[in-house]
$ cat coords00.csv   # CSV, C-alpha atoms and all ligand atoms
chain,number,residue,atom,x,y,z
E,1,MET,CA,-15.7,-11.2,13.5
E,2,ASN,CA,-16.0,-12.1,17.2
E,3,ASN,CA,-15.7,-15.8,16.5
E,4,PRO,CA,-13.1,-17.7,18.5
E,5,LYS,CA,-9.7,-18.1,16.9
E,6,LYS,CA,-9.6,-20.8,14.2
E,7,THR,CA,-6.6,-22.5,12.6
E,8,ALA,CA,-6.0,-23.4,9.0
E,9,ILE,CA,-3.6,-25.0,6.6
E,10,ILE,CA,-2.7,-22.7,3.8
E,11,VAL,CA,-1.9,-24.4,0.5
E,12,GLY,CA,0.2,-21.9,-1.4
E,13,ASP,CA,2.5,-21.8,-4.4
E,14,ARG,CA,6.0,-22.6,-3.2
E,15,HIS,CA,7.4,-20.2,-5.9
E,16,THR,CA,5.7,-17.2,-4.4
E,17,PRO,CA,6.0,-17.3,-0.6
E,18,GLN,CA,5.1,-13.6,-0.3
E,19,THR,CA,1.6,-14.3,-1.6
E,20,THR,CA,1.2,-17.0,1.0
E,21,LYS,CA,2.3,-14.5,3.6
E,22,GLU,CA,-0.5,-12.2,2.3
E,23,MET,CA,-3.0,-15.0,2.8
E,24,GLU,CA,-1.9,-15.2,6.4
E,25,LEU,CA,-2.9,-11.5,6.8
E,26,LEU,CA,-6.2,-12.1,5.0
E,27,LEU,CA,-7.0,-14.9,7.4
E,28,LYS,CA,-5.9,-12.8,10.4
E,29,THR,CA,-8.6,-10.3,9.2
E,30,LEU,CA,-11.1,-13.2,9.6
E,31,ASN,CA,-9.8,-14.1,13.0
E,32,ILE,CA,-8.2,-17.3,11.7
E,33,GLU,CA,-4.7,-18.1,12.9
E,34,SER,CA,-2.9,-19.8,10.1
E,35,GLU,CA,-1.4,-22.9,11.5
E,36,VAL,CA,0.7,-24.4,8.8
E,37,ILE,CA,1.8,-23.5,5.3
E,38,PHE,CA,1.7,-26.3,2.8
E,39,PRO,CA,3.8,-25.3,-0.2
E,40,VAL,CA,3.0,-27.0,-3.5
E,41,ASP,CA,4.2,-26.6,-7.0
E,42,LEU,CA,1.4,-24.8,-8.8
E,43,SER,CA,3.1,-24.8,-12.2
E,44,LYS,CA,1.5,-28.2,-12.5
E,45,ILE,CA,-2.2,-27.9,-11.7
E,46,HIS,CA,-4.2,-31.2,-11.5
E,47,PRO,CA,-7.5,-30.5,-13.2
E,48,ALA,CA,-9.6,-32.7,-10.9
E,49,THR,CA,-8.1,-31.9,-7.5
E,50,PHE,CA,-5.8,-28.9,-8.1
E,51,ILE,CA,-2.9,-30.6,-6.4
E,52,THR,CA,-1.4,-34.0,-7.4
E,53,LYS,CA,-2.6,-37.2,-5.8
E,54,GLY,CA,0.6,-37.6,-3.8
E,55,LYS,CA,0.4,-34.1,-2.4
E,56,LEU,CA,-3.3,-34.6,-1.6
E,57,GLU,CA,-2.5,-37.7,0.5
E,58,GLU,CA,0.1,-35.7,2.4
E,59,LEU,CA,-2.3,-32.8,2.9
E,60,LYS,CA,-5.0,-35.1,4.2
E,61,ASN,CA,-2.7,-36.8,6.7
E,62,LEU,CA,-1.4,-33.4,7.8
E,63,ALA,CA,-4.9,-32.1,8.4
E,64,LEU,CA,-5.7,-35.3,10.4
E,65,ALA,CA,-2.5,-35.0,12.4
E,66,LEU,CA,-3.1,-31.4,13.2
E,67,LYS,CA,-6.8,-31.8,13.7
E,68,THR,CA,-7.3,-28.9,11.4
E,69,ASP,CA,-10.7,-28.6,9.9
E,70,LEU,CA,-10.0,-25.7,7.5
E,71,ILE,CA,-7.8,-25.9,4.4
E,72,VAL,CA,-7.3,-22.7,2.4
E,73,PHE,CA,-6.1,-22.8,-1.1
E,74,ASP,CA,-4.3,-19.5,-2.0
E,75,ASP,CA,-5.8,-19.6,-5.5
E,76,GLU,CA,-9.1,-19.9,-7.3
E,77,LEU,CA,-10.5,-23.4,-7.4
E,78,SER,CA,-13.2,-24.6,-9.7
E,79,TYR,CA,-16.5,-25.9,-8.4
E,80,THR,CA,-15.5,-29.4,-9.4
E,81,GLN,CA,-12.1,-29.2,-7.7
E,82,ILE,CA,-13.8,-28.0,-4.4
E,83,ARG,CA,-16.3,-30.8,-4.7
E,84,ASN,CA,-13.6,-33.5,-5.3
E,85,LEU,CA,-11.4,-32.2,-2.6
E,86,SER,CA,-14.3,-32.1,-0.1
E,87,ARG,CA,-14.9,-35.8,-0.8
E,88,LEU,CA,-11.4,-36.7,0.0
E,89,THR,CA,-11.0,-34.9,3.3
E,90,THR,CA,-13.3,-34.0,6.2
E,91,ALA,CA,-11.6,-30.6,6.4
E,92,LEU,CA,-13.5,-27.7,4.9
E,93,ILE,CA,-12.0,-26.6,1.5
E,94,VAL,CA,-12.0,-22.9,0.8
E,95,ASP,CA,-10.3,-20.9,-1.9
E,96,ARG,CA,-8.8,-17.4,-2.1
E,97,PRO,CA,-11.8,-15.6,-3.7
E,98,ARG,CA,-14.0,-17.1,-1.0
E,99,ILE,CA,-11.7,-15.7,1.7
E,100,ILE,CA,-11.8,-12.2,0.1
E,101,LEU,CA,-15.5,-12.4,-0.3
E,102,ASP,CA,-16.0,-13.3,3.3
E,103,ILE,CA,-13.8,-10.3,4.4
E,104,PHE,CA,-15.9,-8.0,2.2
E,105,ALA,CA,-19.1,-9.5,3.7
E,106,SER,CA,-17.9,-8.8,7.2
E,107,ARG,CA,-16.8,-5.3,6.3
E,108,ALA,CA,-19.6,-3.9,4.2
E,109,THR,CA,-21.5,-1.2,6.0
E,110,THR,CA,-23.4,0.9,3.5
E,111,LYS,CA,-26.5,-0.2,1.7
E,112,GLU,CA,-24.7,-0.3,-1.7
E,113,GLY,CA,-21.6,-2.0,-0.2
E,114,LYS,CA,-23.8,-4.7,1.3
E,115,ILE,CA,-25.7,-5.3,-1.9
E,116,GLN,CA,-22.5,-5.4,-4.0
E,117,VAL,CA,-21.0,-8.0,-1.7
E,118,GLU,CA,-24.1,-10.1,-1.6
E,119,LEU,CA,-24.4,-10.1,-5.3
E,120,ALA,CA,-20.7,-11.2,-5.6
E,121,ILE,CA,-21.3,-14.0,-3.1
E,122,LEU,CA,-24.4,-15.2,-4.8
E,123,ARG,CA,-22.6,-15.3,-8.2
E,124,LYS,CA,-19.6,-17.1,-6.7
E,125,ARG,CA,-21.8,-19.7,-5.0
E,126,LEU,CA,-24.2,-20.2,-7.9
E,127,PRO,CA,-22.6,-23.5,-9.1
E,128,GLU,CA,-22.6,-24.9,-5.6
E,129,ILE,CA,-26.2,-23.9,-4.9
E,130,VAL,CA,-27.3,-25.2,-8.2
E,131,HIS,CA,-25.7,-28.5,-7.6
E,132,GLN,CA,-27.0,-28.6,-4.0
E,133,ASN,CA,-23.8,-30.4,-3.0
E,134,LYS,CA,-23.8,-31.8,0.5
E,135,ALA,CA,-20.2,-31.0,1.1
E,136,PHE,CA,-21.1,-27.4,0.8
E,137,ASP,CA,-23.8,-27.6,3.5
E,138,GLN,CA,-21.0,-27.8,6.0
E,139,GLN,CA,-19.3,-24.8,4.6
E,140,VAL,CA,-22.2,-22.4,5.0
E,141,GLY,CA,-21.3,-19.5,7.3
E,142,PHE,CA,-18.2,-21.2,8.5
E,143,ILE,CA,-15.7,-18.4,8.1
E,144,GLY,CA,-17.3,-15.1,8.5
E,145,GLY,CA,-20.3,-16.5,10.2
E,146,LYS,CA,-22.6,-13.8,8.9
E,147,GLY,CA,-22.3,-13.9,5.2
E,148,PRO,CA,-25.5,-12.9,3.4
E,149,GLY,CA,-27.9,-15.6,2.3
E,150,GLU,CA,-26.4,-18.3,4.4
E,151,ARG,CA,-29.4,-20.4,5.4
E,152,LYS,CA,-29.0,-22.8,2.6
E,153,ALA,CA,-32.2,-24.8,3.2
E,154,GLU,CA,-34.2,-21.8,2.3
E,155,ILE,CA,-32.3,-21.1,-0.9
E,156,THR,CA,-33.8,-22.6,-4.0
E,157,ARG,CA,-32.2,-22.1,-7.4
E,158,ARG,CA,-35.0,-19.9,-8.6
E,159,SER,CA,-34.9,-17.6,-5.6
E,160,ILE,CA,-31.1,-17.2,-6.1
E,161,TYR,CA,-31.7,-16.0,-9.7
E,162,GLN,CA,-34.5,-13.7,-8.5
E,163,LYS,CA,-32.2,-12.3,-5.8
E,164,ILE,CA,-29.4,-11.6,-8.3
E,165,HIS,CA,-31.9,-9.9,-10.5
E,166,GLN,CA,-33.3,-7.8,-7.6
E,167,HIS,CA,-29.8,-6.8,-6.5
E,168,LYS,CA,-28.9,-5.7,-10.0
E,169,ILE,CA,-32.0,-3.5,-10.2
E,170,GLN,CA,-31.2,-2.0,-6.8
E,171,LEU,CA,-27.6,-1.3,-7.8
E,172,LYS,CA,-28.8,0.3,-11.0
E,173,SER,CA,-31.0,2.7,-9.0
E,174,LEU,CA,-28.1,3.5,-6.6
E,175,GLU,CA,-25.9,4.1,-9.6
E,176,LYS,CA,-28.3,6.6,-10.9
E,177,GLN,CA,-28.2,8.4,-7.6
E,178,ARG,CA,-24.4,8.5,-7.8
E,179,LYS,CA,-24.5,9.8,-11.3
E,180,THR,CA,-26.8,12.7,-10.1
E,181,LYS,CA,-24.2,13.5,-7.4
E,182,ARG,CA,-21.4,13.3,-9.9
E,183,ASP,CA,-23.1,15.6,-12.3
E,184,LYS,CA,-23.6,18.1,-9.5
E,185,ARG,CA,-19.9,17.9,-8.6
E,186,MET,CA,-18.9,18.3,-12.2
E,187,ASP,CA,-21.2,21.4,-12.4
E,188,SER,CA,-19.5,22.8,-9.3
E,189,ASP,CA,-16.1,22.5,-11.1
E,190,LEU,CA,-14.5,21.0,-8.0
E,191,ILE,CA,-11.3,19.1,-8.8
E,192,LEU,CA,-11.6,15.4,-7.8
E,193,ILE,CA,-8.5,13.5,-6.6
E,194,SER,CA,-8.9,9.7,-6.2
E,195,ILE,CA,-6.6,8.0,-3.7
E,196,VAL,CA,-6.0,4.4,-4.9
E,197,GLY,CA,-3.5,1.7,-4.0
E,198,TYR,CA,-3.0,-1.8,-2.7
E,199,THR,CA,-4.8,-2.7,0.5
E,200,ASN,CA,-3.1,-1.5,3.7
E,201,ALA,CA,-0.9,1.0,1.8
E,202,GLY,CA,-2.1,3.9,4.0
E,203,LYS,CA,-4.8,5.4,1.7
E,204,SER,CA,-7.3,6.2,4.5
E,205,THR,CA,-4.5,7.6,6.7
E,206,LEU,CA,-3.5,9.9,3.9
E,207,PHE,CA,-7.1,10.8,3.2
E,208,ASN,CA,-7.6,11.7,6.8
E,209,ALA,CA,-4.4,13.8,6.8
E,210,LEU,CA,-5.5,15.7,3.7
E,211,THR,CA,-9.2,16.2,4.6
E,212,ARG,CA,-9.0,16.2,8.4
E,213,ASP,CA,-11.5,13.4,8.3
E,214,GLN,CA,-11.6,10.5,10.7
E,215,THR,CA,-12.1,7.5,8.4
E,216,PRO,CA,-11.1,4.4,10.5
E,217,THR,CA,-7.7,3.0,9.6
E,218,ASP,CA,-6.3,-0.3,10.8
E,219,ASP,CA,-3.5,-2.7,10.1
E,220,LEU,CA,-6.0,-5.0,8.5
E,221,LEU,CA,-6.6,-5.7,4.9
E,222,PHE,CA,-9.7,-4.2,3.3
E,223,HIS,CA,-10.5,-1.9,6.1
E,224,THR,CA,-12.2,0.5,3.7
E,225,LEU,CA,-14.9,-0.8,1.4
E,226,ASP,CA,-17.0,2.1,0.5
E,227,THR,CA,-15.8,5.1,-1.5
E,228,LYS,CA,-15.8,8.2,0.7
E,229,THR,CA,-15.3,11.8,-0.7
E,230,ARG,CA,-14.4,14.8,1.4
E,231,LYS,CA,-13.2,18.4,0.7
E,232,GLY,CA,-9.6,19.2,1.5
E,233,TYR,CA,-7.9,22.6,1.3
E,234,LEU,CA,-4.9,22.8,-1.0
E,235,ASN,CA,-3.7,26.4,-1.2
E,236,LYS,CA,-4.8,30.0,-1.9
E,237,THR,CA,-4.8,29.7,-5.7
E,238,ILE,CA,-6.7,26.4,-6.0
E,239,GLY,CA,-8.6,26.5,-2.8
E,240,SER,CA,-10.4,23.3,-1.9
E,241,VAL,CA,-10.5,20.1,-3.9
E,242,LEU,CA,-12.3,16.8,-3.3
E,243,PHE,CA,-10.4,13.7,-2.2
E,244,SER,CA,-11.9,10.3,-2.4
E,245,ASP,CA,-10.8,7.2,-0.5
E,246,THR,CA,-11.4,3.9,-2.2
E,247,VAL,CA,-11.4,0.2,-1.6
E,248,GLY,CA,-7.9,-1.3,-1.7
E,249,PHE,CA,-6.7,-3.4,-4.6
E,250,ILE,CA,-5.2,-6.9,-4.2
E,251,ARG,CA,-3.8,-9.5,-6.6
E,252,LYS,CA,-6.4,-12.0,-7.8
E,253,LEU,CA,-9.3,-9.9,-6.7
E,254,PRO,CA,-12.3,-12.2,-7.3
E,255,HIS,CA,-13.9,-11.3,-10.7
E,256,GLU,CA,-17.3,-11.5,-9.1
E,257,LEU,CA,-16.2,-8.7,-6.8
E,258,VAL,CA,-14.8,-6.6,-9.5
E,259,GLU,CA,-18.0,-7.0,-11.4
E,260,ALA,CA,-20.2,-6.2,-8.4
E,261,PHE,CA,-18.1,-3.2,-7.3
E,262,LYS,CA,-17.8,-1.8,-10.8
E,263,GLY,CA,-20.2,0.9,-10.0
E,264,THR,CA,-18.2,2.2,-7.0
E,265,LEU,CA,-14.8,1.6,-8.7
E,266,GLU,CA,-15.9,3.3,-11.9
E,267,GLU,CA,-16.0,6.6,-10.0
E,268,ILE,CA,-12.2,6.6,-10.3
E,269,GLN,CA,-12.7,7.2,-14.1
E,270,PHE,CA,-14.1,10.6,-13.3
E,271,ALA,CA,-11.1,11.8,-11.3
E,272,ASP,CA,-8.9,14.7,-12.4
E,273,LEU,CA,-5.9,13.1,-10.7
E,274,ILE,CA,-5.2,9.7,-9.4
E,275,MET,CA,-2.9,9.5,-6.4
E,276,ILE,CA,-1.3,6.0,-6.2
E,277,VAL,CA,-0.3,5.2,-2.6
E,278,VAL,CA,2.3,2.5,-2.2
E,279,ASP,CA,3.8,1.1,1.0
E,280,ILE,CA,7.5,1.5,0.5
E,281,SER,CA,8.3,-0.5,3.7
E,282,ASP,CA,6.7,-3.6,2.1
E,283,PRO,CA,9.4,-5.6,0.2
E,284,ASP,CA,6.7,-6.8,-2.1
E,285,PHE,CA,5.7,-3.2,-3.1
E,286,PRO,CA,6.8,-3.6,-6.8
E,287,SER,CA,4.3,-6.4,-7.4
E,288,HIS,CA,1.7,-4.3,-5.5
E,289,LEU,CA,2.3,-1.5,-7.9
E,290,ASN,CA,1.8,-3.8,-10.9
E,291,THR,CA,-1.5,-4.9,-9.5
E,292,VAL,CA,-2.6,-1.3,-9.1
E,293,TYR,CA,-1.6,-0.4,-12.7
E,294,GLN,CA,-3.4,-3.5,-14.0
E,295,THR,CA,-6.5,-2.7,-12.0
E,296,LEU,CA,-6.5,0.9,-13.2
E,297,LYS,CA,-6.3,-0.5,-16.7
E,298,ASP,CA,-9.2,-2.9,-16.1
E,299,LEU,CA,-11.2,0.1,-14.8
E,300,LYS,CA,-10.3,2.1,-17.9
E,301,ALA,CA,-8.7,4.7,-15.7
E,302,ASP,CA,-5.1,4.4,-16.8
E,303,HIS,CA,-5.3,7.5,-19.0
E,304,ILE,CA,-5.8,9.8,-16.1
E,305,ASP,CA,-2.9,11.9,-14.7
E,306,GLN,CA,-1.1,10.0,-11.9
E,307,LEU,CA,0.9,11.0,-8.9
E,308,LEU,CA,2.9,8.2,-7.2
E,309,VAL,CA,3.1,8.5,-3.4
E,310,TYR,CA,5.6,6.3,-1.6
E,311,ASN,CA,4.2,6.1,1.9
E,312,LYS,CA,5.5,4.9,5.3
E,313,ALA,CA,8.8,6.8,4.9
E,314,ASP,CA,9.2,6.5,8.6
E,315,LEU,CA,9.6,2.7,8.2
E,316,TYR,CA,12.0,3.1,5.3
E,317,PRO,CA,15.6,3.5,6.6
E,318,GLU,CA,17.4,3.7,3.3
E,319,LYS,CA,16.3,7.2,2.3
E,320,THR,CA,19.5,7.9,0.4
E,321,ASN,CA,18.6,5.1,-2.0
E,322,PHE,CA,15.2,6.6,-2.7
E,323,ASN,CA,16.2,8.4,-5.9
E,324,SER,CA,17.5,5.3,-7.6
E,325,LEU,CA,14.5,3.4,-6.4
E,326,ALA,CA,12.2,6.0,-7.9
E,327,LYS,CA,14.1,5.8,-11.2
E,328,GLN,CA,13.4,2.1,-11.2
E,329,TYR,CA,9.8,2.0,-10.1
E,330,GLY,CA,8.5,5.4,-11.1
E,331,GLU,CA,9.1,9.0,-10.1
E,332,GLY,CA,7.2,9.9,-7.0
E,333,ILE,CA,7.3,11.6,-3.6
E,334,LEU,CA,8.3,9.9,-0.3
E,335,ILE,CA,6.0,10.8,2.6
E,336,SER,CA,4.7,9.4,5.8
E,337,ALA,CA,0.9,9.9,6.1
E,338,LEU,CA,1.1,8.8,9.7
E,339,SER,CA,3.8,11.2,10.9
E,340,LYS,CA,2.9,13.8,8.2
E,341,GLU,CA,6.5,13.9,7.1
E,342,SER,CA,6.7,15.7,3.7
E,343,LEU,CA,3.0,16.4,3.6
E,344,PRO,CA,3.5,20.1,2.5
E,345,GLU,CA,5.7,18.8,-0.4
E,346,LEU,CA,3.0,16.4,-1.4
E,347,ILE,CA,0.5,19.2,-1.4
E,348,GLN,CA,2.9,21.2,-3.6
E,349,ASN,CA,3.2,18.3,-6.0
E,350,ILE,CA,-0.6,17.9,-6.2
E,351,THR,CA,-1.0,21.6,-6.8
E,352,GLN,CA,1.6,21.5,-9.6
E,353,LYS,CA,-0.3,18.6,-11.3
E,354,ILE,CA,-3.6,20.4,-11.0
E,355,GLU,CA,-2.2,23.6,-12.4
E,356,ASP,CA,-0.7,21.7,-15.3
E,357,ARG,CA,-4.1,20.2,-15.9
E,358,ILE,CA,-5.9,23.5,-15.8
E,359,HIS,CA,-3.4,25.0,-18.3
E,360,LYS,CA,-3.7,22.0,-20.6
E,361,LYS,CA,-7.5,22.4,-20.5
E,362,ALA,CA,-7.3,26.1,-21.1
E,363,ASN,CA,-4.9,25.6,-24.1
E,364,ALA,CA,-7.2,23.0,-25.6
E,365,LEU,CA,-10.1,25.5,-25.6
K,401,LIG,N1,4.4,3.6,10.1
K,401,LIG,C1,3.5,4.0,9.3
K,401,LIG,N2,2.3,3.4,9.3
K,401,LIG,C2,1.3,3.9,8.4
K,401,LIG,C3,1.6,5.0,7.6
K,401,LIG,N3,0.4,5.2,6.9
K,401,LIG,C4,-0.5,4.3,7.3
K,401,LIG,N4,0.1,3.5,8.2
K,401,LIG,C5,-0.5,2.4,8.9
K,401,LIG,O1,-0.8,1.3,8.0
K,401,LIG,C6,-2.0,0.7,8.3
K,401,LIG,C7,-3.0,0.7,7.1
K,401,LIG,O2,-3.4,2.1,7.0
K,401,LIG,P1,-4.8,2.5,6.3
K,401,LIG,O3,-4.8,4.0,6.1
K,401,LIG,O4,-5.9,1.8,7.0
K,401,LIG,O5,-4.5,1.8,4.9
K,401,LIG,P2,-5.5,1.6,3.6
K,401,LIG,O6,-4.7,1.7,2.4
K,401,LIG,O7,-6.6,2.6,3.8
K,401,LIG,O8,-6.0,0.1,3.9
K,401,LIG,P3,-7.4,-0.6,3.4
K,401,LIG,O9,-8.5,0.4,3.6
K,401,LIG,O10,-7.5,-1.8,4.3
K,401,LIG,O11,-7.2,-1.0,1.9
K,401,LIG,C8,-2.6,1.4,9.6
K,401,LIG,O12,-2.1,0.6,10.7
K,401,LIG,C9,-1.9,2.7,9.5
K,401,LIG,O13,-1.7,3.3,10.8
K,401,LIG,C10,2.8,5.7,7.6
K,401,LIG,O14,3.1,6.6,6.9
K,401,LIG,N5,3.7,5.1,8.5
K,402,MG,MG,-8.6,2.3,3.9

$ encode --input "coords00.csv" --output "structure tokens" --more "lines below"
Ligand SMILES: Nc1nc2c(ncn2[C@@H]2O[C@H](COP(=O)(O)OP(=O)(O)OP(=O)(O)O)[C@@H](O)[C@H]2O)c(=O)[nH]1
Ligand SMILES: [Mg+2]
Amino acid sequence: MNNPKKTAIIVGDRHTPQTTKEMELLLKTLNIESEVIFPVDLSKIHPATFITKGKLEELKNLALALKTDLIVFDDELSYTQIRNLSRLTTALIVDRPRIILDIFASRATTKEGKIQVELAILRKRLPEIVHQNKAFDQQVGFIGGKGPGERKAEITRRSIYQKIHQHKIQLKSLEKQRKTKRDKRMDSDLILISIVGYTNAGKSTLFNALTRDQTPTDDLLFHTLDTKTRKGYLNKTIGSVLFSDTVGFIRKLPHELVEAFKGTLEEIQFADLIMIVVDISDPDFPSHLNTVYQTLKDLKADHIDQLLVYNKADLYPEKTNFNSLAKQYGEGILISALSKESLPELIQNITQKIEDRIHKKANAL
């Protein structure tokens, strides 16, 4: 992360400038300054080179003129597309999943997190490693600079498969440990509340406010990677509950990552209540909410009680409009995790949900 600033050209869908904006933030996280946005029409994808020949020529000349050596495609490219594009330009060709994987690689701190990221990277790079393509030799370690398994010369096809196998075994044993912990928690009857949401929504800030923890927060995407669980006091009747802070969601999360992080993310399935944090100051929040709902569905956690928390109220000037907004996007509570505005009301809402759940459970007996 201490690499000197780099510049890039972002090839993004001209129909969705907000996702290109998000790519700029992702690149900022990797210390890459995005130089130029190159909008293309992605409703017509060219199978061999992703963009059309004409556009490719334009892109090539732009990279030459700007002396940019990094071109980032804000979408997933196939191995063949990357290979073909790499033959046509000297600039390094990188796709969206690779950027997200690199961010995860630079962020992972726990043993499990590191193995999960490494597994995802190995899976993603499998076709390239298998083909031993020269163009990819130049890519190795370019972005994050410290991605796992980067000394390509040492990597043979067999050792990659072996590594994947070993990682899977290690993850299985870590999963067992987590299951033991979970069983203990379930025996203790402590209520678990999972805080989920799009990356940068303010989950960790809220987690800290509710648990008096000091999980690092930052205006960077994917600041938190590992699930963290802490006790927080609700009120006299319920006492303390457990809150857990999770990795943020994002649109087009690489499937290798979802697969690798399944163990961690599956913990959400065991929550008694899911608190969905959404950044109301972000004009793109409705699409963020959709991504969150879709991810919860993918994780088979969409049946769990939810509480919608509209965060960053201090950055939302149109408070009088909130009721109609909530009608449109879902009833919820407007708070500021940073200034702690409406935090007591949030605790009341959580308490109400938990009490309803306890009554429901009691009636079912
Ligand atoms: N103004 C304002 N900023 C907030 C609020 N809540 C969080 N932030 C800021 O938003 C940024 C992201 O906050 P985090 O708590 O790290 O967000 P997160 O959802 O945990 O992000 P990831 O872990 O990266 O997915 C930080 O700069 C916070 O200070 C809020 O209520 N108001
Ligand atoms: Mg966080």

$ closest_atom_pairs --input "coords00.csv" --of "chain E" --to "ligand LIG 401 (chain K)" --cutoff "10 Å" --atoms "all atoms listed in the file" --output "CSV"
residue,atom,partner,partner_atom,distance
E:Thr29,CA,K:LIG401,O10,9.9
E:Ile195,CA,K:LIG401,O6,9.0
E:Val196,CA,K:LIG401,O6,7.9
E:Gly197,CA,K:LIG401,O6,6.5
E:Tyr198,CA,K:LIG401,O11,6.3
E:Thr199,CA,K:LIG401,O11,3.3
E:Asn200,CA,K:LIG401,O8,3.3
E:Ala201,CA,K:LIG401,O6,3.9
E:Gly202,CA,K:LIG401,O5,3.3
E:Lys203,CA,K:LIG401,O6,3.8
E:Ser204,CA,K:LIG401,O3,3.7
E:Thr205,CA,K:LIG401,O3,3.7
E:Leu206,CA,K:LIG401,O3,6.4
E:Phe207,CA,K:LIG401,O3,7.7
E:Asn208,CA,K:LIG401,O3,8.2
E:Ala209,CA,K:LIG401,O3,9.8
E:Thr215,CA,K:LIG401,O3,8.4
E:Pro216,CA,K:LIG401,O4,6.8
E:Thr217,CA,K:LIG401,O4,3.4
E:Asp218,CA,K:LIG401,C8,4.2
E:Asp219,CA,K:LIG401,O12,3.6
E:Leu220,CA,K:LIG401,O10,5.5
E:Leu221,CA,K:LIG401,O10,4.0
E:Phe222,CA,K:LIG401,O10,3.4
E:His223,CA,K:LIG401,O10,3.5
E:Thr224,CA,K:LIG401,O9,3.7
E:Leu225,CA,K:LIG401,O9,6.9
E:Asp226,CA,K:LIG401,O9,9.2
E:Asp245,CA,K:LIG401,O7,7.6
E:Thr246,CA,K:LIG401,O9,7.4
E:Val247,CA,K:LIG401,O11,5.6
E:Gly248,CA,K:LIG401,O11,3.7
E:Phe249,CA,K:LIG401,O11,6.9
E:Ile250,CA,K:LIG401,O11,8.7
E:Val277,CA,K:LIG401,O6,7.5
E:Val278,CA,K:LIG401,O6,8.4
E:Asp279,CA,K:LIG401,N3,7.9
E:Ile280,CA,K:LIG401,O14,9.3
E:Ser281,CA,K:LIG401,N1,8.5
E:Tyr310,CA,K:LIG401,O14,8.9
E:Asn311,CA,K:LIG401,O14,5.1
E:Lys312,CA,K:LIG401,O14,3.3
E:Ala313,CA,K:LIG401,O14,6.0
E:Asp314,CA,K:LIG401,N5,5.7
E:Leu315,CA,K:LIG401,N1,5.6
E:Tyr316,CA,K:LIG401,N1,9.0
E:Leu334,CA,K:LIG401,O14,9.5
E:Ile335,CA,K:LIG401,O14,6.7
E:Ser336,CA,K:LIG401,O14,3.4
E:Ala337,CA,K:LIG401,O14,4.0
E:Leu338,CA,K:LIG401,O14,4.1
E:Ser339,CA,K:LIG401,O14,6.1
E:Lys340,CA,K:LIG401,O14,7.3
E:Glu341,CA,K:LIG401,O14,8.1

$ residues_around --input "coords00.csv" --residues "Ile115 of chain E" --least-positions-apart "2" --cutoff "9 Å" --atoms "all atoms listed in the file" --output "list of chain:residue names"
E:Ala108, E:Thr110, E:Lys111, E:Glu112, E:Gly113, E:Val117, E:Glu118, E:Leu119, E:Ala120, E:His167, E:Lys168, E:Gln170, E:Leu171, E:Ala260

$ closest_residue --input "coords00.csv" --among "E:Ala91, E:Ile238, E:Leu308, E:Ala105" --to "Arg357 of chain E" --atoms "all atoms listed in the file"
E:Ile238

$ atom_distance --input "coords00.csv" --atom1 "atom CA of Asn61 of chain E" --atom2 "atom CA of Phe38 of chain E"
12.0 Å

$ atom_distance --input "coords00.csv" --atom1 "atom CA of Lys179 of chain E" --atom2 "atom CA of Lys262 of chain E"
13.4 Å

$ residues_around --input "coords00.csv" --residues "Ile10 of chain E" --least-positions-apart "2" --cutoff "7 Å" --atoms "all atoms listed in the file" --output "short mmCIF file (atom, residue, chain, number, x, y, z; two decimals) with C-alpha atoms, in the coordinates of the input"
data_model
loop_
_atom_site.label_atom_id
_atom_site.label_comp_id
_atom_site.auth_asym_id
_atom_site.auth_seq_id
_atom_site.Cartn_x
_atom_site.Cartn_y
_atom_site.Cartn_z
CA ALA E 8 -6.00 -23.40 9.00
CA GLY E 12 0.20 -21.90 -1.40
CA SER E 34 -2.90 -19.80 10.10
CA VAL E 36 0.70 -24.40 8.80
CA ILE E 37 1.80 -23.50 5.30
CA PHE E 38 1.70 -26.30 2.80
CA ILE E 71 -7.80 -25.90 4.40
CA VAL E 72 -7.30 -22.70 2.40
CA PHE E 73 -6.10 -22.80 -1.10
CA ASP E 74 -4.30 -19.50 -2.00
#

$ atom_distance --input "coords00.csv" --atom1 "atom CA of Leu343 of chain E" --atom2 "atom CA of Leu210 of chain E"
8.5 Å

$ closest_residue --input "coords00.csv" --among "E:Leu265, E:Asp305, E:Glu345, E:Ser244" --to "ligand MG 402 (chain K)" --atoms "only C-alpha atoms and all ligand atoms"
E:Ser244

$ closest_residue --input "coords00.csv" --among "E:Lys353, E:His15, E:Lys228, E:Lys114" --to "ligand MG 402 (chain K)" --atoms "only C-alpha atoms and all ligand atoms"
E:Lys228

$ residues_around --input "coords00.csv" --residues "Ile51 of chain E" --least-positions-apart "4" --cutoff "9 Å" --atoms "all atoms listed in the file" --output "PyMOL selection string"
chain E and resi 40-42+44-47+55-56

$ write_last_selection --input "coords00.csv" --atoms "C-alpha atoms" --output "mmCIF file, in the coordinates of the input"
data_model
loop_
_atom_site.group_PDB
_atom_site.id
_atom_site.type_symbol
_atom_site.label_atom_id
_atom_site.label_comp_id
_atom_site.auth_asym_id
_atom_site.auth_seq_id
_atom_site.Cartn_x
_atom_site.Cartn_y
_atom_site.Cartn_z
ATOM 1 C CA VAL E 40 3.000 -27.000 -3.500
ATOM 2 C CA ASP E 41 4.200 -26.600 -7.000
ATOM 3 C CA LEU E 42 1.400 -24.800 -8.800
ATOM 4 C CA LYS E 44 1.500 -28.200 -12.500
ATOM 5 C CA ILE E 45 -2.200 -27.900 -11.700
ATOM 6 C CA HIS E 46 -4.200 -31.200 -11.500
ATOM 7 C CA PRO E 47 -7.500 -30.500 -13.200
ATOM 8 C CA LYS E 55 0.400 -34.100 -2.400
ATOM 9 C CA LEU E 56 -3.300 -34.600 -1.600
#
